[in-house]
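J.: The following file, structure.cif, comprises mmCIF, C-alpha atoms:
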data_my_file
#
loop_
_atom_site.group_PDB
_atom_site.id
_atom_site.type_symbol
_atom_site.label_atom_id
_atom_site.label_comp_id
_atom_site.auth_asym_id
_atom_site.auth_seq_id
_atom_site.Cartn_x
_atom_site.Cartn_y
_atom_site.Cartn_z
ATOM 1 C CA MET I 205 -14.127 24.292 6.633
ATOM 2 C CA ALA I 206 -16.069 22.095 9.006
ATOM 3 C CA ASN I 207 -17.932 24.869 10.766
ATOM 4 C CA ASN I 208 -21.433 23.990 9.686
ATOM 5 C CA THR I 209 -22.787 25.425 12.894
ATOM 6 C CA ASN I 210 -21.330 28.065 15.147
ATOM 7 C CA ASN I 211 -21.131 25.561 17.956
ATOM 8 C CA THR I 212 -17.764 23.792 17.655
ATOM 9 C CA ASN I 213 -18.772 21.090 20.141
ATOM 10 C CA VAL I 214 -21.686 20.012 17.951
ATOM 11 C CA ASP I 215 -19.312 19.902 14.997
ATOM 12 C CA LEU I 216 -16.802 17.864 16.952
ATOM 13 C CA ALA I 217 -19.379 15.291 18.044
ATOM 14 C CA TYR I 218 -20.633 14.998 14.467
ATOM 15 C CA ARG I 219 -17.135 14.592 13.063
ATOM 16 C CA ARG I 220 -16.134 12.037 15.682
ATOM 17 C CA ARG I 221 -19.160 9.950 14.781
ATOM 18 C CA LYS I 222 -18.452 10.311 11.076
ATOM 19 C CA SER I 223 -14.835 9.193 11.383
ATOM 20 C CA ALA I 224 -15.867 6.316 13.654
ATOM 21 C CA GLU I 225 -18.276 5.185 10.939
ATOM 22 C CA GLU I 226 -15.569 5.489 8.337
ATOM 23 C CA MET I 227 -13.223 3.463 10.523
ATOM 24 C CA LYS I 228 -15.843 0.730 10.663
ATOM 25 C CA GLN I 229 -15.915 0.647 6.842
ATOM 26 C CA HIS I 230 -12.121 0.393 6.842
ATOM 27 C CA VAL I 231 -12.167 -2.570 9.194
ATOM 28 C CA ILE I 232 -14.769 -4.282 6.978
ATOM 29 C CA SER I 233 -12.686 -3.694 3.851
ATOM 30 C CA PHE I 234 -9.622 -5.015 5.700
ATOM 31 C CA ALA I 235 -11.549 -8.187 6.583
ATOM 32 C CA LEU I 236 -12.521 -8.515 2.900
ATOM 33 C CA MET I 237 -8.898 -8.108 1.804
ATOM 34 C CA ILE I 238 -7.753 -10.826 4.200
ATOM 35 C CA PHE I 239 -10.579 -13.057 2.986
ATOM 36 C CA LEU I 240 -9.690 -12.514 -0.706
ATOM 37 C CA THR I 241 -6.009 -13.187 0.022
ATOM 38 C CA ILE I 242 -6.816 -16.452 1.786
ATOM 39 C CA ILE I 243 -9.067 -17.548 -1.109
ATOM 40 C CA ALA I 244 -6.264 -16.792 -3.587
ATOM 41 C CA PHE I 245 -3.712 -18.814 -1.609
ATOM 42 C CA ILE I 246 -6.153 -21.715 -1.183
ATOM 43 C CA ALA I 247 -6.981 -21.697 -4.912
ATOM 44 C CA VAL I 248 -3.287 -22.137 -5.720
ATOM 45 C CA GLY I 249 -2.295 -24.274 -2.726
ATOM 46 C CA SER I 250 -5.030 -26.893 -3.172
ATOM 47 C CA GLU I 251 -3.752 -27.717 -6.708
ATOM 48 C CA GLN I 252 -7.292 -28.791 -7.609
ATOM 49 C CA PHE I 253 -7.832 -26.322 -10.425
ATOM 50 C CA SER I 254 -6.291 -25.956 -13.865
ATOM 51 C CA PRO I 255 -3.961 -22.991 -14.500
ATOM 52 C CA TRP I 256 -6.443 -21.727 -17.095
ATOM 53 C CA PHE I 257 -8.935 -21.127 -14.316
ATOM 54 C CA VAL I 258 -6.647 -20.238 -11.397
ATOM 55 C CA VAL I 259 -4.562 -17.508 -13.065
ATOM 56 C CA PRO I 260 -7.458 -15.257 -14.198
ATOM 57 C CA PHE I 261 -9.251 -16.005 -10.926
ATOM 58 C CA ILE I 262 -6.433 -14.835 -8.635
ATOM 59 C CA LEU I 263 -5.794 -11.818 -10.881
ATOM 60 C CA LEU I 264 -9.448 -10.845 -10.484
ATOM 61 C CA LEU I 265 -9.161 -11.198 -6.686
ATOM 62 C CA ALA I 266 -6.042 -8.985 -6.748
ATOM 63 C CA VAL I 267 -7.852 -6.300 -8.746
ATOM 64 C CA ILE I 268 -10.796 -6.297 -6.302
ATOM 65 C CA GLN I 269 -8.383 -6.037 -3.388
ATOM 66 C CA VAL I 270 -6.516 -3.130 -4.968
ATOM 67 C CA ILE I 271 -9.800 -1.286 -5.607
ATOM 68 C CA LEU I 272 -10.603 -1.654 -1.886
ATOM 69 C CA GLN I 273 -7.154 -0.277 -0.981
ATOM 70 C CA LEU I 274 -7.426 2.678 -3.341
ATOM 71 C CA TYR I 275 -11.036 3.663 -2.690
ATOM 72 C CA TYR I 276 -11.230 3.026 1.052
ATOM 73 C CA PHE I 277 -7.742 3.034 2.580
ATOM 74 C CA MET I 278 -6.461 5.791 0.287
ATOM 75 C CA HIS I 279 -9.794 7.679 0.408
ATOM 76 C CA MET I 280 -10.350 7.869 -3.354
ATOM 77 C CA ASN I 281 -14.086 7.576 -2.613
ATOM 78 C CA HIS I 282 -13.934 11.008 -0.927
ATOM 79 C CA LYS I 283 -14.680 14.297 -2.669
ATOM 80 C CA GLY I 284 -11.802 16.301 -4.114
ATOM 81 C CA HIS I 285 -9.952 13.350 -5.658
ATOM 82 C CA GLU I 286 -10.420 14.299 -9.326
ATOM 83 C CA ALA I 287 -6.742 15.079 -9.934
ATOM 84 C CA PRO I 288 -5.521 11.971 -8.038
ATOM 85 C CA LYS I 289 -7.869 9.846 -10.152
ATOM 86 C CA MET I 290 -6.551 11.381 -13.356
ATOM 87 C CA PHE I 291 -2.916 10.785 -12.319
ATOM 88 C CA LEU I 292 -3.503 7.243 -11.127
ATOM 89 C CA PHE I 293 -5.674 6.131 -14.039
ATOM 90 C CA SER I 294 -3.177 7.589 -16.538
ATOM 91 C CA GLY I 295 -0.505 5.583 -14.728
ATOM 92 C CA ILE I 296 -2.651 2.453 -14.907
ATOM 93 C CA LEU I 297 -3.287 2.997 -18.635
ATOM 94 C CA ILE I 298 0.453 3.225 -19.364
ATOM 95 C CA ALA I 299 0.995 0.228 -17.084
ATOM 96 C CA ALA I 300 -1.544 -1.869 -19.001
ATOM 97 C CA VAL I 301 -0.021 -0.979 -22.379
ATOM 98 C CA THR I 302 3.496 -1.730 -21.092
ATOM 99 C CA VAL I 303 2.530 -5.134 -19.715
ATOM 100 C CA LEU I 304 0.571 -6.013 -22.868
ATOM 101 C CA CYS I 305 3.493 -5.000 -25.063
ATOM 102 C CA PHE I 306 6.141 -6.899 -23.076
ATOM 103 C CA THR I 307 4.090 -10.068 -22.794
ATOM 104 C CA THR I 308 3.096 -10.201 -26.459
ATOM 105 C CA ILE I 309 5.699 -8.756 -28.822
ATOM 106 C CA ILE I 310 9.003 -8.167 -27.042
ATOM 107 C CA TRP I 311 11.576 -10.961 -26.605
ATOM 108 C CA TRP I 312 9.520 -13.594 -28.387
ATOM 109 C CA MET G 157 -5.641 28.860 8.906
ATOM 110 C CA HIS G 158 -2.039 29.375 9.898
ATOM 111 C CA ALA G 159 0.100 26.243 9.591
ATOM 112 C CA GLU G 160 1.803 26.448 12.992
ATOM 113 C CA GLU G 161 -1.218 27.621 14.948
ATOM 114 C CA LYS G 162 -1.787 25.655 18.161
ATOM 115 C CA LEU G 163 -5.055 23.834 17.664
ATOM 116 C CA THR G 164 -7.459 21.915 19.831
ATOM 117 C CA ALA G 165 -9.741 19.027 18.929
ATOM 118 C CA GLU G 166 -12.528 21.576 18.436
ATOM 119 C CA THR G 167 -10.606 23.877 16.094
ATOM 120 C CA PHE G 168 -8.788 21.115 14.192
ATOM 121 C CA PRO G 169 -10.287 21.053 10.650
ATOM 122 C CA ALA G 170 -12.071 18.012 9.243
ATOM 123 C CA GLU G 171 -9.499 17.532 6.479
ATOM 124 C CA PRO G 172 -6.270 18.705 8.151
ATOM 125 C CA GLU G 173 -4.174 17.373 5.255
ATOM 126 C CA LYS G 174 -5.785 19.863 2.867
ATOM 127 C CA ALA G 175 -6.420 22.827 5.189
ATOM 128 C CA THR G 176 -3.336 24.789 4.057
ATOM 129 C CA LEU G 177 -2.025 25.593 0.596
ATOM 130 C CA GLU G 178 1.134 23.632 1.342
ATOM 131 C CA GLY G 179 -0.980 20.655 2.328
ATOM 132 C CA LYS G 180 -3.050 20.883 -0.855
ATOM 133 C CA ASN G 181 0.107 21.046 -2.961
ATOM 134 C CA LYS G 182 1.611 18.057 -1.168
ATOM 135 C CA PHE G 183 -1.578 16.081 -1.736
ATOM 136 C CA ILE G 184 -1.690 16.776 -5.496
ATOM 137 C CA GLY G 185 2.053 16.371 -5.938
ATOM 138 C CA PHE G 186 2.112 13.096 -4.103
ATOM 139 C CA TRP G 187 -0.656 11.581 -6.210
ATOM 140 C CA LEU G 188 1.236 12.632 -9.343
ATOM 141 C CA PHE G 189 4.257 10.811 -7.904
ATOM 142 C CA LEU G 190 2.122 7.705 -7.280
ATOM 143 C CA GLY G 191 1.009 7.802 -10.940
ATOM 144 C CA GLY G 192 4.696 7.780 -11.894
ATOM 145 C CA GLU G 193 5.409 4.943 -9.456
ATOM 146 C CA THR G 194 2.646 2.930 -11.118
ATOM 147 C CA VAL G 195 4.510 3.238 -14.431
ATOM 148 C CA LEU G 196 7.844 2.342 -12.791
ATOM 149 C CA PHE G 197 6.420 -0.845 -11.301
ATOM 150 C CA ALA G 198 4.568 -1.629 -14.544
ATOM 151 C CA SER G 199 7.874 -1.728 -16.425
ATOM 152 C CA LEU G 200 9.321 -4.095 -13.814
ATOM 153 C CA PHE G 201 6.225 -6.322 -13.827
ATOM 154 C CA ALA G 202 6.221 -6.393 -17.631
ATOM 155 C CA THR G 203 9.893 -7.406 -17.668
ATOM 156 C CA TYR G 204 9.227 -10.097 -15.094
ATOM 157 C CA LEU G 205 6.249 -11.469 -17.037
ATOM 158 C CA ALA G 206 8.310 -11.615 -20.213
ATOM 159 C CA LEU G 207 11.289 -13.372 -18.584
ATOM 160 C CA ASN G 208 9.870 -15.498 -15.768
ATOM 161 C CA LYS G 209 10.247 -18.752 -17.719
ATOM 162 C CA SER G 210 13.828 -17.966 -18.823
ATOM 163 C CA ASN G 211 15.564 -19.564 -15.845
ATOM 164 C CA GLY G 212 18.297 -21.256 -17.937
ATOM 165 C CA THR G 213 20.194 -23.725 -15.747
ATOM 166 C CA GLY G 214 19.053 -22.032 -12.510
ATOM 167 C CA PRO G 215 16.053 -23.062 -10.394
ATOM 168 C CA SER G 216 12.564 -22.286 -11.747
ATOM 169 C CA SER G 217 9.808 -20.446 -9.908
ATOM 170 C CA GLN G 218 8.150 -23.774 -8.998
ATOM 171 C CA ASP G 219 11.399 -24.985 -7.387
ATOM 172 C CA LEU G 220 11.706 -21.838 -5.273
ATOM 173 C CA PHE G 221 8.428 -20.364 -4.109
ATOM 174 C CA GLU G 222 6.636 -21.775 -1.089
ATOM 175 C CA ILE G 223 3.217 -20.818 0.228
ATOM 176 C CA PRO G 224 3.945 -20.358 3.980
ATOM 177 C CA LEU G 225 6.569 -17.630 3.570
ATOM 178 C CA ALA G 226 4.684 -15.692 0.860
ATOM 179 C CA PHE G 227 1.477 -15.968 2.891
ATOM 180 C CA THR G 228 3.106 -14.715 6.117
ATOM 181 C CA MET G 229 4.713 -11.762 4.361
ATOM 182 C CA THR G 230 1.394 -10.860 2.723
ATOM 183 C CA MET G 231 -0.499 -10.975 6.024
ATOM 184 C CA ILE G 232 2.119 -8.820 7.765
ATOM 185 C CA LEU G 233 2.062 -6.158 5.064
ATOM 186 C CA LEU G 234 -1.749 -6.143 4.816
ATOM 187 C CA THR G 235 -2.010 -5.702 8.581
ATOM 188 C CA SER G 236 0.485 -2.842 8.486
ATOM 189 C CA SER G 237 -1.821 -1.156 5.981
ATOM 190 C CA LEU G 238 -4.653 -1.361 8.523
ATOM 191 C CA THR G 239 -2.489 0.005 11.347
ATOM 192 C CA SER G 240 -1.637 3.050 9.239
ATOM 193 C CA VAL G 241 -5.365 3.557 8.591
ATOM 194 C CA TYR G 242 -5.814 3.582 12.381
ATOM 195 C CA ALA G 243 -3.032 6.161 12.657
ATOM 196 C CA MET G 244 -4.874 8.439 10.209
ATOM 197 C CA TYR G 245 -8.132 7.873 12.100
ATOM 198 C CA HIS G 246 -6.494 9.178 15.278
ATOM 199 C CA MET G 247 -4.905 12.035 13.366
ATOM 200 C CA LYS G 248 -8.335 13.219 12.190
ATOM 201 C CA ASN G 249 -9.535 13.011 15.801
ATOM 202 C CA PHE G 250 -6.537 15.115 16.907
ATOM 203 C CA ASN G 251 -5.131 12.356 19.093
ATOM 204 C CA PHE G 252 -1.397 12.697 18.557
ATOM 205 C CA LYS G 253 -0.262 10.013 21.031
ATOM 206 C CA LYS G 254 -2.461 7.296 19.561
ATOM 207 C CA MET G 255 -1.440 8.291 16.047
ATOM 208 C CA GLN G 256 2.220 7.883 17.012
ATOM 209 C CA LEU G 257 1.439 4.525 18.624
ATOM 210 C CA TRP G 258 -0.244 3.136 15.493
ATOM 211 C CA LEU G 259 2.486 4.545 13.262
ATOM 212 C CA GLY G 260 4.990 2.787 15.512
ATOM 213 C CA LEU G 261 3.107 -0.494 15.011
ATOM 214 C CA THR G 262 3.165 0.109 11.244
ATOM 215 C CA VAL G 263 6.929 0.549 11.371
ATOM 216 C CA LEU G 264 7.358 -2.648 13.408
ATOM 217 C CA LEU G 265 5.255 -4.674 10.955
ATOM 218 C CA GLY G 266 7.128 -3.140 8.016
ATOM 219 C CA ALA G 267 10.436 -4.087 9.645
ATOM 220 C CA ALA G 268 9.187 -7.655 10.194
ATOM 221 C CA PHE G 269 8.220 -7.839 6.521
ATOM 222 C CA LEU G 270 11.630 -6.575 5.450
ATOM 223 C CA GLY G 271 13.373 -9.065 7.754
ATOM 224 C CA LEU G 272 11.469 -11.941 6.141
ATOM 225 C CA GLU G 273 12.307 -10.642 2.672
ATOM 226 C CA ILE G 274 16.033 -10.528 3.511
ATOM 227 C CA TYR G 275 15.802 -14.082 4.871
ATOM 228 C CA GLU G 276 13.976 -15.128 1.688
ATOM 229 C CA PHE G 277 16.591 -13.639 -0.652
ATOM 230 C CA LYS G 278 19.421 -15.243 1.350
ATOM 231 C CA HIS G 279 17.639 -18.590 1.175
ATOM 232 C CA TYR G 280 17.194 -18.289 -2.620
ATOM 233 C CA VAL G 281 20.850 -17.405 -3.142
ATOM 234 C CA HIS G 282 21.758 -20.623 -1.291
ATOM 235 C CA LEU G 283 19.531 -22.514 -3.730
ATOM 236 C CA GLY G 284 21.441 -20.998 -6.672
ATOM 237 C CA HIS G 285 18.880 -18.322 -7.567
ATOM 238 C CA THR G 286 20.949 -15.150 -8.028
ATOM 239 C CA ILE G 287 20.511 -11.838 -9.821
ATOM 240 C CA THR G 288 23.205 -12.752 -12.363
ATOM 241 C CA GLY G 289 22.188 -16.427 -12.605
ATOM 242 C CA SER G 290 19.456 -16.127 -15.206
ATOM 243 C CA ALA G 291 17.059 -13.678 -16.857
ATOM 244 C CA PHE G 292 14.408 -14.936 -14.439
ATOM 245 C CA GLY G 293 16.733 -14.149 -11.509
ATOM 246 C CA SER G 294 17.455 -10.622 -12.762
ATOM 247 C CA ALA G 295 13.786 -9.825 -13.327
ATOM 248 C CA PHE G 296 12.754 -11.328 -9.976
ATOM 249 C CA TYR G 297 15.314 -9.526 -7.807
ATOM 250 C CA LEU G 298 14.790 -6.252 -9.634
ATOM 251 C CA LEU G 299 11.004 -6.312 -9.174
ATOM 252 C CA VAL G 300 10.798 -7.666 -5.630
ATOM 253 C CA GLY G 301 13.958 -5.794 -4.598
ATOM 254 C CA THR G 302 12.589 -2.454 -5.824
ATOM 255 C CA HIS G 303 9.478 -3.081 -3.743
ATOM 256 C CA GLY G 304 11.663 -3.993 -0.735
ATOM 257 C CA ALA G 305 13.667 -0.777 -1.225
ATOM 258 C CA HIS G 306 10.389 1.145 -1.135
ATOM 259 C CA VAL G 307 9.493 -0.550 2.155
ATOM 260 C CA LEU G 308 12.912 0.368 3.586
ATOM 261 C CA PHE G 309 12.483 3.963 2.446
ATOM 262 C CA GLY G 310 8.999 4.062 3.977
ATOM 263 C CA LEU G 311 10.347 2.840 7.322
ATOM 264 C CA CYS G 312 13.032 5.559 7.390
ATOM 265 C CA TRP G 313 10.436 8.152 6.358
ATOM 266 C CA ALA G 314 7.933 7.164 9.064
ATOM 267 C CA LEU G 315 10.616 7.111 11.769
ATOM 268 C CA THR G 316 11.910 10.517 10.684
ATOM 269 C CA ILE G 317 8.538 12.292 10.818
ATOM 270 C CA MET G 318 7.635 10.522 14.078
ATOM 271 C CA ILE G 319 10.856 11.576 15.822
ATOM 272 C CA ARG G 320 10.959 15.047 14.276
ATOM 273 C CA ASN G 321 7.418 15.871 15.438
ATOM 274 C CA ALA G 322 7.466 13.964 18.750
ATOM 275 C CA ASN G 323 7.571 17.152 20.855
ATOM 276 C CA ARG G 324 5.792 19.436 18.434
ATOM 277 C CA GLY G 325 2.465 17.632 18.541
ATOM 278 C CA LEU G 326 -0.055 17.718 15.736
ATOM 279 C CA ASP G 327 -0.637 20.889 13.714
ATOM 280 C CA LEU G 328 -1.513 21.840 10.160
ATOM 281 C CA TYR G 329 2.176 21.945 9.260
ATOM 282 C CA ASN G 330 2.812 18.264 9.894
ATOM 283 C CA ALA G 331 -0.657 16.736 9.370
ATOM 284 C CA PRO G 332 -0.152 16.638 5.551
ATOM 285 C CA LYS G 333 3.216 14.953 6.098
ATOM 286 C CA PHE G 334 1.660 12.122 8.093
ATOM 287 C CA TYR G 335 -1.198 11.822 5.615
ATOM 288 C CA VAL G 336 1.101 11.602 2.602
ATOM 289 C CA PHE G 337 3.159 8.930 4.345
ATOM 290 C CA SER G 338 0.020 6.842 4.867
ATOM 291 C CA LEU G 339 -0.797 7.162 1.149
ATOM 292 C CA TYR G 340 2.710 5.934 0.324
ATOM 293 C CA TRP G 341 2.375 2.999 2.675
ATOM 294 C CA HIS G 342 -0.947 1.910 1.155
ATOM 295 C CA PHE G 343 0.572 2.197 -2.294
ATOM 296 C CA ILE G 344 3.381 -0.163 -1.246
ATOM 297 C CA ASP G 345 0.664 -2.572 -0.204
ATOM 298 C CA VAL G 346 -1.108 -2.186 -3.573
ATOM 299 C CA VAL G 347 2.133 -3.129 -5.343
ATOM 300 C CA TRP G 348 2.615 -6.101 -3.014
ATOM 301 C CA VAL G 349 -0.893 -7.403 -3.825
ATOM 302 C CA PHE G 350 0.226 -7.718 -7.450
ATOM 303 C CA ILE G 351 3.621 -9.157 -6.458
ATOM 304 C CA PHE G 352 2.148 -11.942 -4.361
ATOM 305 C CA THR G 353 -0.399 -12.700 -7.098
ATOM 306 C CA VAL G 354 1.749 -12.385 -10.221
ATOM 307 C CA VAL G 355 5.144 -13.485 -8.884
ATOM 308 C CA TYR G 356 4.429 -15.957 -6.087
ATOM 309 C CA LEU G 357 1.005 -17.478 -6.777
ATOM 310 C CA MET G 358 1.313 -17.527 -10.580
ATOM 311 C CA GLY G 359 4.889 -18.768 -10.172
ATOM 312 C CA MET G 360 3.654 -21.756 -8.171
ATOM 313 C CA VAL G 361 0.887 -22.527 -10.683
ATOM 314 C CA GLY G 362 3.459 -22.619 -13.460
#
The structure given in the file should be rewritten as C-alpha cells.
T.:
Amino acid sequence: MANNTNNTNVDLAYRRRKSAEEMKQHVISFALMIFLTIIAFIAVGSEQFSPWFVVPFILLLAVIQVILQLYYFMHMNHKGHEAPKMFLFSGILIAAVTVLCFTTIIWW
Amino acid sequence: MHAEEKLTAETFPAEPEKATLEGKNKFIGFWLFLGGETVLFASLFATYLALNKSNGTGPSSQDLFEIPLAFTMTMILLTSSLTSVYAMYHMKNFNFKKMQLWLGLTVLLGAAFLGLEIYEFKHYVHLGHTITGSAFGSAFYLLVGTHGAHVLFGLCWALTIMIRNANRGLDLYNAPKFYVFSLYWHFIDVVWVFIFTVVYLMGMVG
C-alpha cells in the first residue's frame, strides 16, 4: 500500500509529516466551525436583524459547517470516497424532498 | 495483509481502515448506513418544521429556548468531534495509548453533553413542555431525543471497543472498528449542527 520506496523508515517519516499536515488542516477547520457557530448565535442573540435575514443566514452557516465536517473530519476529500458520496448525496436528496414536502403541502 | 498480524509503526499501512477486505466492507457498509440515517433524521426534521408552531396551550419555542444552554451543548459536542479527529490521527501514527486517551476524552465530552440534555428535558417538563402536551412537544422530543439516543449509543459503542481492545493493541482487525466509530461520531455532530440551527436558533427567532 504505502511502500513507495523499499525503505520503510523513509515511508514512515513521509507519512508522519503528511498526517501532521492533515491534522493542521483539521484544527483550522475546527476553528472555522467554532467561529461560524459563534456568528450564528450572535446573529440570533443580538436581535438586531429581521427573521427574513437571520433564518437564511444561519442556515447557510450550518451548511458550510457541515461541509467542513464531511469533507475534512470525515475525510470525504480523500480518494476512494465515490461510494460514500453516492450514498450520502442520495440521502441528502431524499432529505431535501422530504423537508420540502412536509413544509409545503402536508398538514396545511 | 493478515488482520491479526502484529504490526509496528513501520509496517502499519497508511490507510489501516481499508487495508483488509473486512475493513473495506465495513467502510462501504457504514457509509450506506449513514445515508439511511440522513433520511431518518430528515423525516424527523420535516415533521418538526411542519409542527413547530402548533404548541396549543403549551409553551412556545420562544418561551423555552435559551442561548446559554444551547451554546454550551453545541461547543461541547463540536469539541468532542475534534477530540475524535485527534484519536484517528494517533491511530494512523500507530500510537494506541494516545488514541485511547483521545477517545476517552471524546466519551467524557459526549457524557457531559448527554447530562446537559437530560437536565434540559427535565427543565422543560417542569415548564409544561411534554411529549404528549402538544404537536410541537411531540416533534421536539422525538427529534432531539432521537439525536440524544444516538449520542448514548455512541458512548456505549466507544467504551465497548476501547475496553475490548485495551490489551490487544492496534491491529488491522480493530483499526476499521475505531475508524467507523469516528465516522459515526462526526455524523452525530453533523445532525446536531442542524438541530442547533433549525430547532434552537430558528425557534428563538420565531
J.: Go through I:Ile310, I:Val258, I:Leu292, I:Val267 one by one, measure the shortest atom-to-atom distance of each to chain G using only C-alpha atoms, and give the residue with the smallest value.
T.: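 Closest to chain G, using only C-alpha atoms: I:Leu292.
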J.: The PyMOL selection byres ((chain G) within 6 of (chain I)) - which residues does that actually catch in the file I just gave you? List them as a count of residues only.
T.: 12
J.: Evaluate the PyMOL selection byres ((chain G and resi 175-186) around 8) and record the selected residues as an NGL selection string, following the chain and residue labels used in the document.
T.: (:I and (205 or 287-288)) or (:G and (157-159 or 169 or 171-174 or 187-190 or 328-329 or 332 or 336))
J.: Find the distance between atom CA of Trp348 of chain G and atom CA of Ala268 of chain G and write it in Å to one decimal.
T.: 14.8 Å
J.: For the structure provided, state which residues fall under the PyMOL selection byres ((chain G and resi 281-297) around 10), and present them as a PDB file with C-alpha atoms, keeping the file's coordinate frame.
T.:
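Writing done, so here's result.pdb:
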ATOM      1  CA  LEU G 200       9.321  -4.095 -13.814  1.00  0.00           C
ATOM      2  CA  PHE G 201       6.225  -6.322 -13.827  1.00  0.00           C
ATOM      3  CA  ALA G 202       6.221  -6.393 -17.631  1.00  0.00           C
ATOM      4  CA  THR G 203       9.893  -7.406 -17.668  1.00  0.00           C
ATOM      5  CA  TYR G 204       9.227 -10.097 -15.094  1.00  0.00           C
ATOM      6  CA  LEU G 205       6.249 -11.469 -17.037  1.00  0.00           C
ATOM      7  CA  ALA G 206       8.310 -11.615 -20.213  1.00  0.00           C
ATOM      8  CA  LEU G 207      11.289 -13.372 -18.584  1.00  0.00           C
ATOM      9  CA  ASN G 208       9.870 -15.498 -15.768  1.00  0.00           C
ATOM     10  CA  LYS G 209      10.247 -18.752 -17.719  1.00  0.00           C
ATOM     11  CA  SER G 210      13.828 -17.966 -18.823  1.00  0.00           C
ATOM     12  CA  ASN G 211      15.564 -19.564 -15.845  1.00  0.00           C
ATOM     13  CA  GLY G 212      18.297 -21.256 -17.937  1.00  0.00           C
ATOM     14  CA  THR G 213      20.194 -23.725 -15.747  1.00  0.00           C
ATOM     15  CA  GLY G 214      19.053 -22.032 -12.510  1.00  0.00           C
ATOM     16  CA  PRO G 215      16.053 -23.062 -10.394  1.00  0.00           C
ATOM     17  CA  SER G 216      12.564 -22.286 -11.747  1.00  0.00           C
ATOM     18  CA  SER G 217       9.808 -20.446  -9.908  1.00  0.00           C
ATOM     19  CA  ASP G 219      11.399 -24.985  -7.387  1.00  0.00           C
ATOM     20  CA  LEU G 220      11.706 -21.838  -5.273  1.00  0.00           C
ATOM     21  CA  GLU G 276      13.976 -15.128   1.688  1.00  0.00           C
ATOM     22  CA  PHE G 277      16.591 -13.639  -0.652  1.00  0.00           C
ATOM     23  CA  LYS G 278      19.421 -15.243   1.350  1.00  0.00           C
ATOM     24  CA  HIS G 279      17.639 -18.590   1.175  1.00  0.00           C
ATOM     25  CA  TYR G 280      17.194 -18.289  -2.620  1.00  0.00           C
ATOM     26  CA  LEU G 298      14.790  -6.252  -9.634  1.00  0.00           C
ATOM     27  CA  LEU G 299      11.004  -6.312  -9.174  1.00  0.00           C
ATOM     28  CA  VAL G 300      10.798  -7.666  -5.630  1.00  0.00           C
ATOM     29  CA  GLY G 301      13.958  -5.794  -4.598  1.00  0.00           C
ATOM     30  CA  THR G 302      12.589  -2.454  -5.824  1.00  0.00           C
ATOM     31  CA  HIS G 303       9.478  -3.081  -3.743  1.00  0.00           C
ATOM     32  CA  GLY G 304      11.663  -3.993  -0.735  1.00  0.00           C
ATOM     33  CA  VAL G 355       5.144 -13.485  -8.884  1.00  0.00           C
TER      34      VAL G 355
END
J.: Distance atom CA of Gln218 of chain G-atom CA of Val361 of chain G, one decimal place?
T.: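 Between atom CA of Gln218 of chain G and atom CA of Val361 of chain G the gap is 7.6 Å.
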J.: Please determine an axis-aligned box that encloses all atoms of segment 276-285 of chain I listed in the file, with 8 Å added on each side, and express its centre and edge lengths in Å to one decimal as JSON.
T.:
{"center_x": -10.6, "center_y": 9.7, "center_z": -1.5, "size_x": 24.2, "size_y": 29.3, "size_z": 24.2}
J.: Figure out the distance between atom CA of Leu261 of chain G and atom CA of Gly310 of chain G, please, to one decimal in Å.
T.: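 If I compute the distance from atom CA of Gly310 of chain G to atom CA of Leu261 of chain G, I get 13.3 Å.
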J.: Please tell me which residues are no farther than 12 Å from (2.3, 19.2, 15.6) in the file, counting all atoms listed in the file, and write them as a PyMOL selection string.
T.: chain G and resi 159-164+168+172+247+250-253+255-256+317-334
J.: Considering all atoms listed in the file, can you say which of G:Ala243, G:Leu196, G:Ala305, G:Leu272 comes closest to Phe227 of chain G?
T.: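 Looking at the shortest contact to Phe227 of chain G, the residue is G:Leu272.
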